[in-house]
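Student: This is the structure, below, for whatever I ask next.
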Amino acid sequence: MAELRSTSGDTVDLLTGLATTRAIRRYTDEPIPDDDLSAILWHASRAPSGSNRQPFRFLVLRDGPKARSAKSMLGRSFRRGWAAKQTADGYTTSVAADPTSPKARTAATMQHYVDHLEQVPVVVLVCLERYRDPNPFEGASVYPACQNLLLAARALGWGGALTMWHQAVEPELRGLLSIPDHVALSACITLGRPVGRHGPVRRRPIGDLVFDDEWANSAGWAVDPPGTRHTHWRG
Ligand SMILES: Cc1cc2nc3c(=O)[nH]c(=O)nc-3n(C[C@H](O)[C@H](O)[C@H](O)COP(=O)(O)O)c2cc1C
């Protein structure tokens, strides 16, 4: 199995990989070679699923004529998704108030991301081939594969982001790519060589997330490693 490698080519251990695999949204134009893509998807497909049914399917969009059309549909969809989020999450007003704030930097990255979707080297539509009626838990058999995919990409020096911004063009995508009705489009993952770097992800303090013995009972033993930085988001 591939050891985790940082973007500079150094290897990192699995736990470091878990703590430092960020959503990467800026990519160089470098294509992902077949071998690496194959390895990424192989490791993605090692993920667990209910009864080991492996309902996950990976529809890979690179440079083929259908892929180019799909990426252009997705570009429109992503720009729509980001425009809606920008307003809903208060980015528009925050950026106007302080163009140097972290939120403004995130907004700039997002805008660049959606404006360059057509140039993303690889887009993977992660699908779920249903064998029974849709149910609220079916995603549990596909999202572990998504995270495996992102970690494997990281291990080989690539980066990616999981999104749901395919949804606005889902009917058109289904038509273009001949996706059958019983197949759900669970996620749209973009992949490429990171322009920036992976690094420690920020989350809420572990004490907010772990309870001991009963709901909301603080788990004194659950502590962040020294130097852990947190998100400010406490919603
Ligand atoms: C279920 C799910 C849906 C997501 N949807 C989107 C999305 O539509 N667009 C996007 O840019 N990122 C999306 N993301 C990525 C998250 O924004 C990202 O994982 C989160 O902000 C943490 O970022 P970090 O891993 O870089 O710390 C999604 C992630 C998950 C797990």
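All residue names refer to the structure tokens as shown: chains lettered A, B, ... in order, residues numbered from 1 in each chain, ligands numbered from 1 in order.
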Could you please extract the residues within 8 Å of ligand 1, counting only C-alpha atoms and all ligand atoms, and hand them back as a ChimeraX atom specification?

Tutor: /A:21-25,78,81-82,110,113,161-165,187,200-203

Student: Near Leu59 in chain A, within 10 Å and counting only C-alpha atoms, which residues show up once chain neighbours fewer than 4 positions away are dropped, as a ChimeraX atom specification?

Tutor: /A:67,123-127,177,179,185,188

Student: From a DSSP pass on the backbone, collect the residues of range 133-169 of chain A flagged as alpha helix (DSSP H) and hand them back as a list in words.

Tutor: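 Output for range 133-169 of chain A, alpha helix (DSSP H) only: Tyr143, Pro144, Ala145, Cys146, Gln147, Asn148, Leu149, Leu150, Leu151, Ala152, Ala153, Arg154 and Ala155 of chain A.
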
Student: Would you list the contacts of Gly196 in chain A as a PyMOL selection string, taking every protein, DNA or RNA residue within 12 Å and counting only C-alpha atoms, but skipping same-chain residues closer than 5 positions in sequence?

Tutor: chain A and resi 6-8+22-28+109+157-160

Student: Once you have the residues from the selection above, write them out as a short mmCIF file (atom, residue, chain, number, x, y, z; two decimals), in the first residue's frame, restricted to all heavy atoms.

Tutor:
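Just written: result-v3.cif:
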data_model
loop_
_atom_site.label_atom_id
_atom_site.label_comp_id
_atom_site.auth_asym_id
_atom_site.auth_seq_id
_atom_site.Cartn_x
_atom_site.Cartn_y
_atom_site.Cartn_z
N SER A 6 3.54 13.75 1.19
CA SER A 6 3.11 15.13 1.12
C SER A 6 3.30 15.61 -0.31
O SER A 6 3.87 14.92 -1.14
CB SER A 6 3.93 15.99 2.08
OG SER A 6 5.21 16.18 1.52
N THR A 7 2.80 16.83 -0.58
CA THR A 7 2.92 17.34 -1.95
C THR A 7 4.38 17.54 -2.33
O THR A 7 4.72 17.57 -3.50
CB THR A 7 2.16 18.66 -2.11
OG1 THR A 7 2.45 19.47 -0.99
CG2 THR A 7 0.67 18.41 -2.18
N SER A 8 5.26 17.65 -1.34
CA SER A 8 6.68 17.81 -1.68
C SER A 8 7.34 16.45 -1.91
O SER A 8 8.52 16.38 -2.21
CB SER A 8 7.40 18.56 -0.55
OG SER A 8 7.30 17.81 0.63
N ARG A 22 -6.54 18.50 3.66
CA ARG A 22 -7.49 19.61 3.51
C ARG A 22 -8.27 19.48 2.21
O ARG A 22 -7.81 18.82 1.28
CB ARG A 22 -6.73 20.94 3.43
CG ARG A 22 -6.11 21.36 4.71
CD ARG A 22 -5.38 22.67 4.50
NE ARG A 22 -4.84 23.17 5.76
CZ ARG A 22 -3.90 24.09 5.84
NH1 ARG A 22 -3.37 24.60 4.74
NH2 ARG A 22 -3.47 24.50 7.02
N ALA A 23 -9.37 20.17 2.15
CA ALA A 23 -10.06 20.34 0.86
C ALA A 23 -9.18 21.25 0.00
O ALA A 23 -8.86 22.37 0.38
CB ALA A 23 -11.43 20.97 1.08
N ILE A 24 -8.75 20.73 -1.15
CA ILE A 24 -7.89 21.49 -2.05
C ILE A 24 -8.73 21.94 -3.24
O ILE A 24 -9.34 21.12 -3.93
CB ILE A 24 -6.70 20.61 -2.54
CG1 ILE A 24 -5.82 20.17 -1.36
CG2 ILE A 24 -5.89 21.32 -3.62
CD1 ILE A 24 -4.99 21.24 -0.71
N ARG A 25 -8.73 23.25 -3.48
CA ARG A 25 -9.61 23.79 -4.54
C ARG A 25 -8.85 24.56 -5.63
O ARG A 25 -9.48 25.09 -6.54
CB ARG A 25 -10.68 24.68 -3.92
CG ARG A 25 -11.59 23.97 -2.95
CD ARG A 25 -12.77 24.83 -2.54
NE ARG A 25 -13.67 24.13 -1.64
CZ ARG A 25 -13.55 24.09 -0.32
NH1 ARG A 25 -12.55 24.71 0.27
NH2 ARG A 25 -14.44 23.44 0.43
N ARG A 26 -7.53 24.64 -5.49
CA ARG A 26 -6.74 25.27 -6.58
C ARG A 26 -5.77 24.23 -7.11
O ARG A 26 -5.01 23.64 -6.33
CB ARG A 26 -5.92 26.45 -6.05
CG ARG A 26 -6.71 27.72 -5.84
CD ARG A 26 -5.76 28.82 -5.37
NE ARG A 26 -6.49 29.95 -4.85
CZ ARG A 26 -6.66 31.10 -5.50
NH1 ARG A 26 -6.11 31.27 -6.69
NH2 ARG A 26 -7.34 32.08 -4.96
N TYR A 27 -5.78 24.05 -8.43
CA TYR A 27 -4.96 23.01 -9.04
C TYR A 27 -4.11 23.59 -10.17
O TYR A 27 -4.52 24.52 -10.85
CB TYR A 27 -5.85 21.91 -9.65
CG TYR A 27 -6.95 21.44 -8.73
CD1 TYR A 27 -8.27 21.80 -8.93
CD2 TYR A 27 -6.66 20.62 -7.63
CE1 TYR A 27 -9.28 21.37 -8.08
CE2 TYR A 27 -7.66 20.18 -6.78
CZ TYR A 27 -8.98 20.57 -7.01
OH TYR A 27 -9.98 20.14 -6.16
N THR A 28 -2.97 22.96 -10.38
CA THR A 28 -2.20 23.26 -11.59
C THR A 28 -2.90 22.55 -12.76
O THR A 28 -3.83 21.77 -12.56
CB THR A 28 -0.75 22.76 -11.48
OG1 THR A 28 -0.77 21.33 -11.52
CG2 THR A 28 -0.08 23.22 -10.19
N THR A 109 -10.85 32.10 -2.85
CA THR A 109 -10.52 30.73 -3.26
C THR A 109 -11.72 30.06 -3.91
O THR A 109 -11.61 29.40 -4.95
CB THR A 109 -10.08 29.90 -2.03
OG1 THR A 109 -8.93 30.53 -1.47
CG2 THR A 109 -9.74 28.47 -2.39
N GLY A 157 0.34 12.68 -3.66
CA GLY A 157 0.77 14.04 -4.00
C GLY A 157 -0.28 14.88 -4.69
O GLY A 157 0.01 15.98 -5.17
N TRP A 158 -1.53 14.37 -4.75
CA TRP A 158 -2.60 15.14 -5.37
C TRP A 158 -3.52 15.68 -4.29
O TRP A 158 -3.31 15.42 -3.10
CB TRP A 158 -3.37 14.24 -6.36
CG TRP A 158 -2.46 13.56 -7.33
CD1 TRP A 158 -1.90 12.33 -7.22
CD2 TRP A 158 -1.93 14.12 -8.55
NE1 TRP A 158 -1.08 12.07 -8.29
CE2 TRP A 158 -1.08 13.15 -9.13
CE3 TRP A 158 -2.11 15.33 -9.22
CZ2 TRP A 158 -0.40 13.36 -10.32
CZ3 TRP A 158 -1.43 15.54 -10.41
CH2 TRP A 158 -0.60 14.57 -10.95
N GLY A 159 -4.52 16.44 -4.69
CA GLY A 159 -5.46 16.97 -3.70
C GLY A 159 -6.84 17.06 -4.30
O GLY A 159 -6.99 17.04 -5.53
N GLY A 160 -7.84 17.16 -3.45
CA GLY A 160 -9.19 17.20 -3.98
C GLY A 160 -10.17 17.83 -3.03
O GLY A 160 -9.85 18.16 -1.88
#

Student: Expressed in Å to a single decimal, how great is the separation between CA of Asp13 in chain A and CA of Asp29 in chain A?

Tutor: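 One can read the CA of Asp13 in chain A to CA of Asp29 in chain A distance as 27.7 Å.
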